[in-house]
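Q: Data file data.pdb (PDB, C-alpha atoms) is appended below.
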ATOM      1  CA  MET F   1     -14.022  23.770  -3.523
ATOM      2  CA  ASN F   2     -16.008  20.506  -3.459
ATOM      3  CA  ALA F   3     -15.707  20.155  -7.245
ATOM      4  CA  GLU F   4     -11.940  20.440  -6.902
ATOM      5  CA  ARG F   5     -11.908  17.728  -4.217
ATOM      6  CA  ASP F   6     -14.210  15.482  -6.265
ATOM      7  CA  GLN F   7     -11.901  15.819  -9.280
ATOM      8  CA  ARG F   8      -8.847  14.971  -7.154
ATOM      9  CA  ASP F   9     -10.632  11.977  -5.585
ATOM     10  CA  ALA F  10     -11.781  10.764  -9.032
ATOM     11  CA  SER F  11      -8.247  10.861 -10.411
ATOM     12  CA  VAL F  12      -6.983   8.834  -7.464
ATOM     13  CA  THR F  13      -9.696   6.201  -7.786
ATOM     14  CA  GLU F  14      -8.816   5.765 -11.471
ATOM     15  CA  ASP F  15      -5.400   4.446 -10.443
ATOM     16  CA  PRO F  16      -5.365   0.655 -10.982
ATOM     17  CA  PHE F  17      -3.683   0.128  -7.599
ATOM     18  CA  TYR F  18      -6.055   2.275  -5.546
ATOM     19  CA  GLY F  19      -9.139   0.912  -3.862
ATOM     20  CA  ARG F  20     -10.396  -1.867  -1.701
ATOM     21  CA  MET F  21     -10.917  -5.463  -2.830
ATOM     22  CA  ASN F  22     -13.926  -7.594  -2.004
ATOM     23  CA  ASP F  23     -12.890 -10.755  -0.153
ATOM     24  CA  PRO F  24      -9.159 -10.656  -0.946
ATOM     25  CA  PRO F  25      -6.933 -13.609  -0.072
ATOM     26  CA  ALA F  26      -4.847 -11.190   2.002
ATOM     27  CA  GLY F  27      -5.725  -7.860   3.511
ATOM     28  CA  ALA F  28      -4.466  -5.838   6.463
ATOM     29  CA  TRP F  29      -4.088  -2.294   7.682
ATOM     30  CA  VAL F  30      -1.852  -0.191   9.885
ATOM     31  CA  THR F  31      -2.691   3.113  11.521
ATOM     32  CA  GLY F  32       0.295   5.392  11.941
ATOM     33  CA  PRO F  33       1.035   7.791  14.799
ATOM     34  CA  CYS F  34      -0.275  10.604  12.570
ATOM     35  CA  GLY F  35      -3.712   8.945  12.501
ATOM     36  CA  ASP F  36      -3.571   7.921   8.820
ATOM     37  CA  THR F  37      -4.563   4.339   8.058
ATOM     38  CA  MET F  38      -3.012   2.442   5.141
ATOM     39  CA  GLU F  39      -4.645  -0.734   3.856
ATOM     40  CA  PHE F  40      -3.229  -3.287   1.421
ATOM     41  CA  TYR F  41      -5.026  -6.106  -0.385
ATOM     42  CA  LEU F  42      -3.172  -8.865  -2.219
ATOM     43  CA  VAL F  43      -3.963 -11.684  -4.608
ATOM     44  CA  ILE F  44      -1.049 -14.100  -4.449
ATOM     45  CA  GLU F  45      -0.632 -17.074  -6.777
ATOM     46  CA  ASN F  46       2.357 -19.427  -6.522
ATOM     47  CA  ASP F  47       4.044 -16.949  -4.150
ATOM     48  CA  VAL F  48       3.788 -14.127  -6.718
ATOM     49  CA  ILE F  49       1.729 -11.004  -6.067
ATOM     50  CA  ARG F  50      -0.626 -10.965  -9.053
ATOM     51  CA  ARG F  51      -2.834  -8.112  -7.887
ATOM     52  CA  VAL F  52      -2.289  -5.438  -5.281
ATOM     53  CA  ASN F  53      -4.541  -2.639  -4.147
ATOM     54  CA  CYS F  54      -4.122  -0.045  -1.449
ATOM     55  CA  HIS F  55      -6.462   2.364   0.258
ATOM     56  CA  THR F  56      -5.932   5.120   2.772
ATOM     57  CA  ASP F  57      -7.926   7.672   4.670
ATOM     58  CA  GLY F  58      -4.775   9.735   4.930
ATOM     59  CA  CYS F  59      -3.115  12.623   3.206
ATOM     60  CA  SER F  60      -1.916  12.748  -0.383
ATOM     61  CA  PHE F  61       1.609  11.778   0.708
ATOM     62  CA  THR F  62       0.330   8.620   2.397
ATOM     63  CA  ARG F  63      -1.615   7.846  -0.763
ATOM     64  CA  LEU F  64       1.456   8.447  -2.931
ATOM     65  CA  CYS F  65       3.571   6.122  -0.797
ATOM     66  CA  GLY F  66       0.918   3.395  -0.900
ATOM     67  CA  LEU F  67       0.549   3.622  -4.661
ATOM     68  CA  THR F  68       4.326   3.550  -5.135
ATOM     69  CA  VAL F  69       4.615   0.432  -2.967
ATOM     70  CA  ALA F  70       1.773  -1.223  -4.870
ATOM     71  CA  ALA F  71       3.336  -0.493  -8.260
ATOM     72  CA  HIS F  72       6.692  -1.790  -7.027
ATOM     73  CA  VAL F  73       5.433  -5.149  -5.730
ATOM     74  CA  GLN F  74       2.997  -5.979  -8.547
ATOM     75  CA  ASP F  75       4.111  -9.240 -10.203
ATOM     76  CA  LYS F  76       6.974  -9.705  -7.726
ATOM     77  CA  SER F  77       7.457 -12.715  -5.510
ATOM     78  CA  VAL F  78       6.430 -12.329  -1.895
ATOM     79  CA  VAL F  79      10.078 -12.571  -0.852
ATOM     80  CA  GLU F  80      11.050  -9.824  -3.313
ATOM     81  CA  ALA F  81       8.226  -7.640  -1.991
ATOM     82  CA  LEU F  82       9.513  -8.073   1.554
ATOM     83  CA  ARG F  83      12.881  -6.699   0.451
ATOM     84  CA  LEU F  84      11.324  -3.269  -0.105
ATOM     85  CA  SER F  85      12.279  -0.922   2.699
ATOM     86  CA  ALA F  86      11.021   2.497   3.693
ATOM     87  CA  GLY F  87      14.491   3.827   2.828
ATOM     88  CA  GLN F  88      14.216   2.509  -0.717
ATOM     89  CA  LEU F  89      10.774   4.057  -1.010
ATOM     90  CA  LEU F  90      12.195   7.405   0.119
ATOM     91  CA  ASP F  91      14.941   7.042  -2.513
ATOM     92  CA  VAL F  92      12.330   6.842  -5.290
ATOM     93  CA  LEU F  93      10.305   9.687  -3.749
ATOM     94  CA  PRO F  94      13.050  12.260  -3.082
ATOM     95  CA  ARG F  95      10.611  15.187  -3.018
ATOM     96  CA  LEU F  96       8.582  13.757  -0.147
ATOM     97  CA  PRO F  97       8.680  16.507   2.501
ATOM     98  CA  PRO F  98      10.660  15.582   5.638
ATOM     99  CA  GLU F  99       7.552  15.939   7.797
ATOM    100  CA  HIS F 100       5.855  13.239   5.687
ATOM    101  CA  ARG F 101       8.633  10.642   5.569
ATOM    102  CA  HIS F 102       6.716   8.604   8.113
ATOM    103  CA  CYS F 103       4.206   7.914   5.293
ATOM    104  CA  ALA F 104       6.817   5.661   3.652
ATOM    105  CA  ILE F 105       7.192   3.695   6.881
ATOM    106  CA  LEU F 106       3.415   3.402   7.172
ATOM    107  CA  ALA F 107       3.018   2.097   3.612
ATOM    108  CA  VAL F 108       5.800  -0.477   3.873
ATOM    109  CA  SER F 109       4.608  -1.588   7.324
ATOM    110  CA  ALA F 110       1.099  -2.153   5.988
ATOM    111  CA  LEU F 111       2.491  -4.230   3.119
ATOM    112  CA  TYR F 112       4.532  -6.334   5.562
ATOM    113  CA  ARG F 113       1.485  -6.882   7.773
ATOM    114  CA  THR F 114      -0.606  -7.950   4.770
ATOM    115  CA  ILE F 115       1.991 -10.492   3.678
ATOM    116  CA  GLY F 116       2.239 -11.756   7.257
ATOM    117  CA  GLN F 117      -1.533 -12.132   7.394
ATOM    118  CA  TYR F 118      -1.416 -14.076   4.115
ATOM    119  CA  TRP F 119       1.197 -16.455   5.544
ATOM    120  CA  VAL F 120      -0.805 -16.978   8.734
ATOM    121  CA  GLU F 121      -3.956 -17.770   6.730
ATOM    122  CA  ALA F 122      -2.029 -20.089   4.387
ATOM    123  CA  ALA F 123      -0.488 -21.978   7.323
ATOM    124  CA  SER F 124      -3.856 -22.505   8.996
ATOM    125  CA  SER F 125      -5.641 -23.805   5.894
TER     126      SER F 125
END
Would it be possible to restate this file's structure as structure tokens?
A:
Amino acid sequence: MNAERDQRDASVTEDPFYGRMNDPPAGAWVTGPCGDTMEFYLVIENDVIRRVNCHTDGCSFTRLCGLTVAAHVQDKSVVEALRLSAGQLLDVLPRLPPEHRHCAILAVSALYRTIGQYWVEAASS
């Protein structure tokens, strides 16, 4: 059982969008009502998201939503990234079980918070 979990965890950590960043220009997290926490980390250059990572302590559906958001916003402008909605995320993940649709809201909310944190830091520097 532990070997199975280790293999699953290893495959997730091999994803280029999964994991924490050391000292990112922007980073924030949101904890959903389910107790899952979604974190996003961004490197933004000239208002374009050049690198994005996510991390969660949540279920595989939360992880899937975070990774899908990350892949979608990579190399997009910050404004384009803010156009992503939870509804659009659900459209690209039609097999997400109804009881896990809140994971899409959690992932998008964490992205929004991270961009907001970036703007606050940029305005104060």
Q: Would you mind listing what lies within 9 Å of Arg113 of chain F as a VMD selection string, with only C-alpha atoms counted and same-chain residues fewer than 5 positions away left out?
A: chain F and resid 27 to 30 40 108 118
Q: Contacts of His100 of chain F at 12 Å or less, counting only C-alpha atoms, minus same-chain residues fewer than 3 places along, as a PyMOL selection string?
A: chain F and resi 32-34+36+58-65+90+93-97+103-107
Q: Given the file above and the PyMOL selection byres ((chain F and resi 72-89) around 7), which residues are selected, and can you give them as a list in words?
A: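 Applied to this file, the PyMOL selection byres ((chain F and resi 72-89) around 7) returns Asp47, Val48, Ile49, Arg50, Arg51, Val52, Thr68, Val69, Ala70, Ala71, Leu90, Asp91, Val92, Leu93, Ala104, Ile105, Val108 and Tyr112 of chain F.
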Q: What is the atom CA of Asn53 of chain F-atom CA of Ser109 of chain F distance in Å, reported with one decimal?
A: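 Separation of atom CA of Asn53 of chain F and atom CA of Ser109 of chain F: 14.7 Å.
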Q: Provide the atom CA of His55 of chain F to atom CA of Glu14 of chain F distance in Å, to one decimal place.
A: 12.4 Å
Q: As an exercise, work out the distance from atom CA of Tyr18 of chain F to atom CA of Met38 of chain F in Å and give it to one decimal place.
A: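 Between atom CA of Tyr18 of chain F and atom CA of Met38 of chain F the gap is 11.1 Å.
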Q: Using all atoms of segment 64-72 of chain F listed in the file and a margin of 4 Å per side, can you give the axis-aligned box centre and edge lengths in Å to one decimal, as AutoDock Vina command-line options?
A:
--center_x 3.6 --center_y 3.3 --center_z -4.5 --size_x 14.1 --size_y 18.2 --size_z 15.5
Q: Could you give me segment 39-62 of chain F completed to N, CA and C atoms, formatted as a short mmCIF file (atom, residue, chain, number, x, y, z; two decimals), in the coordinates of the input?
A:
data_model
loop_
_atom_site.label_atom_id
_atom_site.label_comp_id
_atom_site.auth_asym_id
_atom_site.auth_seq_id
_atom_site.Cartn_x
_atom_site.Cartn_y
_atom_site.Cartn_z
N GLU F 39 -4.16 0.63 4.05
CA GLU F 39 -4.64 -0.73 3.86
C GLU F 39 -4.02 -1.30 2.58
N PHE F 40 -3.67 -2.58 2.62
CA PHE F 40 -3.23 -3.29 1.42
C PHE F 40 -4.05 -4.55 1.25
N TYR F 41 -4.30 -4.90 0.00
CA TYR F 41 -5.03 -6.11 -0.38
C TYR F 41 -4.21 -6.81 -1.46
N LEU F 42 -4.02 -8.11 -1.30
CA LEU F 42 -3.17 -8.86 -2.22
C LEU F 42 -3.88 -10.11 -2.74
N VAL F 43 -3.64 -10.39 -4.01
CA VAL F 43 -3.96 -11.68 -4.61
C VAL F 43 -2.62 -12.31 -4.93
N ILE F 44 -2.34 -13.44 -4.30
CA ILE F 44 -1.05 -14.10 -4.45
C ILE F 44 -1.28 -15.47 -5.05
N GLU F 45 -0.56 -15.77 -6.12
CA GLU F 45 -0.63 -17.07 -6.78
C GLU F 45 0.78 -17.60 -6.94
N ASN F 46 1.03 -18.81 -6.44
CA ASN F 46 2.36 -19.43 -6.52
C ASN F 46 3.44 -18.50 -5.98
N ASP F 47 3.14 -17.88 -4.84
CA ASP F 47 4.04 -16.95 -4.15
C ASP F 47 4.41 -15.71 -4.95
N VAL F 48 3.59 -15.35 -5.94
CA VAL F 48 3.79 -14.13 -6.72
C VAL F 48 2.56 -13.23 -6.51
N ILE F 49 2.81 -11.96 -6.26
CA ILE F 49 1.73 -11.00 -6.07
C ILE F 49 1.17 -10.65 -7.44
N ARG F 50 0.00 -11.16 -7.74
CA ARG F 50 -0.63 -10.96 -9.05
C ARG F 50 -1.50 -9.72 -9.10
N ARG F 51 -2.02 -9.33 -7.94
CA ARG F 51 -2.83 -8.11 -7.89
C ARG F 51 -2.62 -7.47 -6.53
N VAL F 52 -2.48 -6.18 -6.53
CA VAL F 52 -2.29 -5.44 -5.28
C VAL F 52 -3.09 -4.15 -5.35
N ASN F 53 -3.80 -3.89 -4.28
CA ASN F 53 -4.54 -2.64 -4.15
C ASN F 53 -4.22 -2.04 -2.78
N CYS F 54 -4.28 -0.73 -2.72
CA CYS F 54 -4.12 -0.04 -1.45
C CYS F 54 -5.23 0.98 -1.29
N HIS F 55 -5.46 1.34 -0.05
CA HIS F 55 -6.46 2.36 0.26
C HIS F 55 -6.00 3.08 1.52
N THR F 56 -6.26 4.36 1.58
CA THR F 56 -5.93 5.12 2.77
C THR F 56 -6.97 6.18 3.03
N ASP F 57 -7.10 6.53 4.29
CA ASP F 57 -7.93 7.67 4.67
C ASP F 57 -7.03 8.88 4.93
N GLY F 58 -5.76 8.72 4.59
CA GLY F 58 -4.78 9.74 4.93
C GLY F 58 -4.54 10.79 3.86
N CYS F 59 -3.47 11.50 4.06
CA CYS F 59 -3.12 12.62 3.21
C CYS F 59 -2.60 12.14 1.85
N SER F 60 -2.38 13.08 0.97
CA SER F 60 -1.92 12.75 -0.38
C SER F 60 -0.54 12.10 -0.36
N PHE F 61 0.28 12.39 0.64
CA PHE F 61 1.61 11.78 0.71
C PHE F 61 1.50 10.31 1.13
N THR F 62 0.58 10.02 2.03
CA THR F 62 0.33 8.62 2.40
C THR F 62 -0.16 7.85 1.18
#
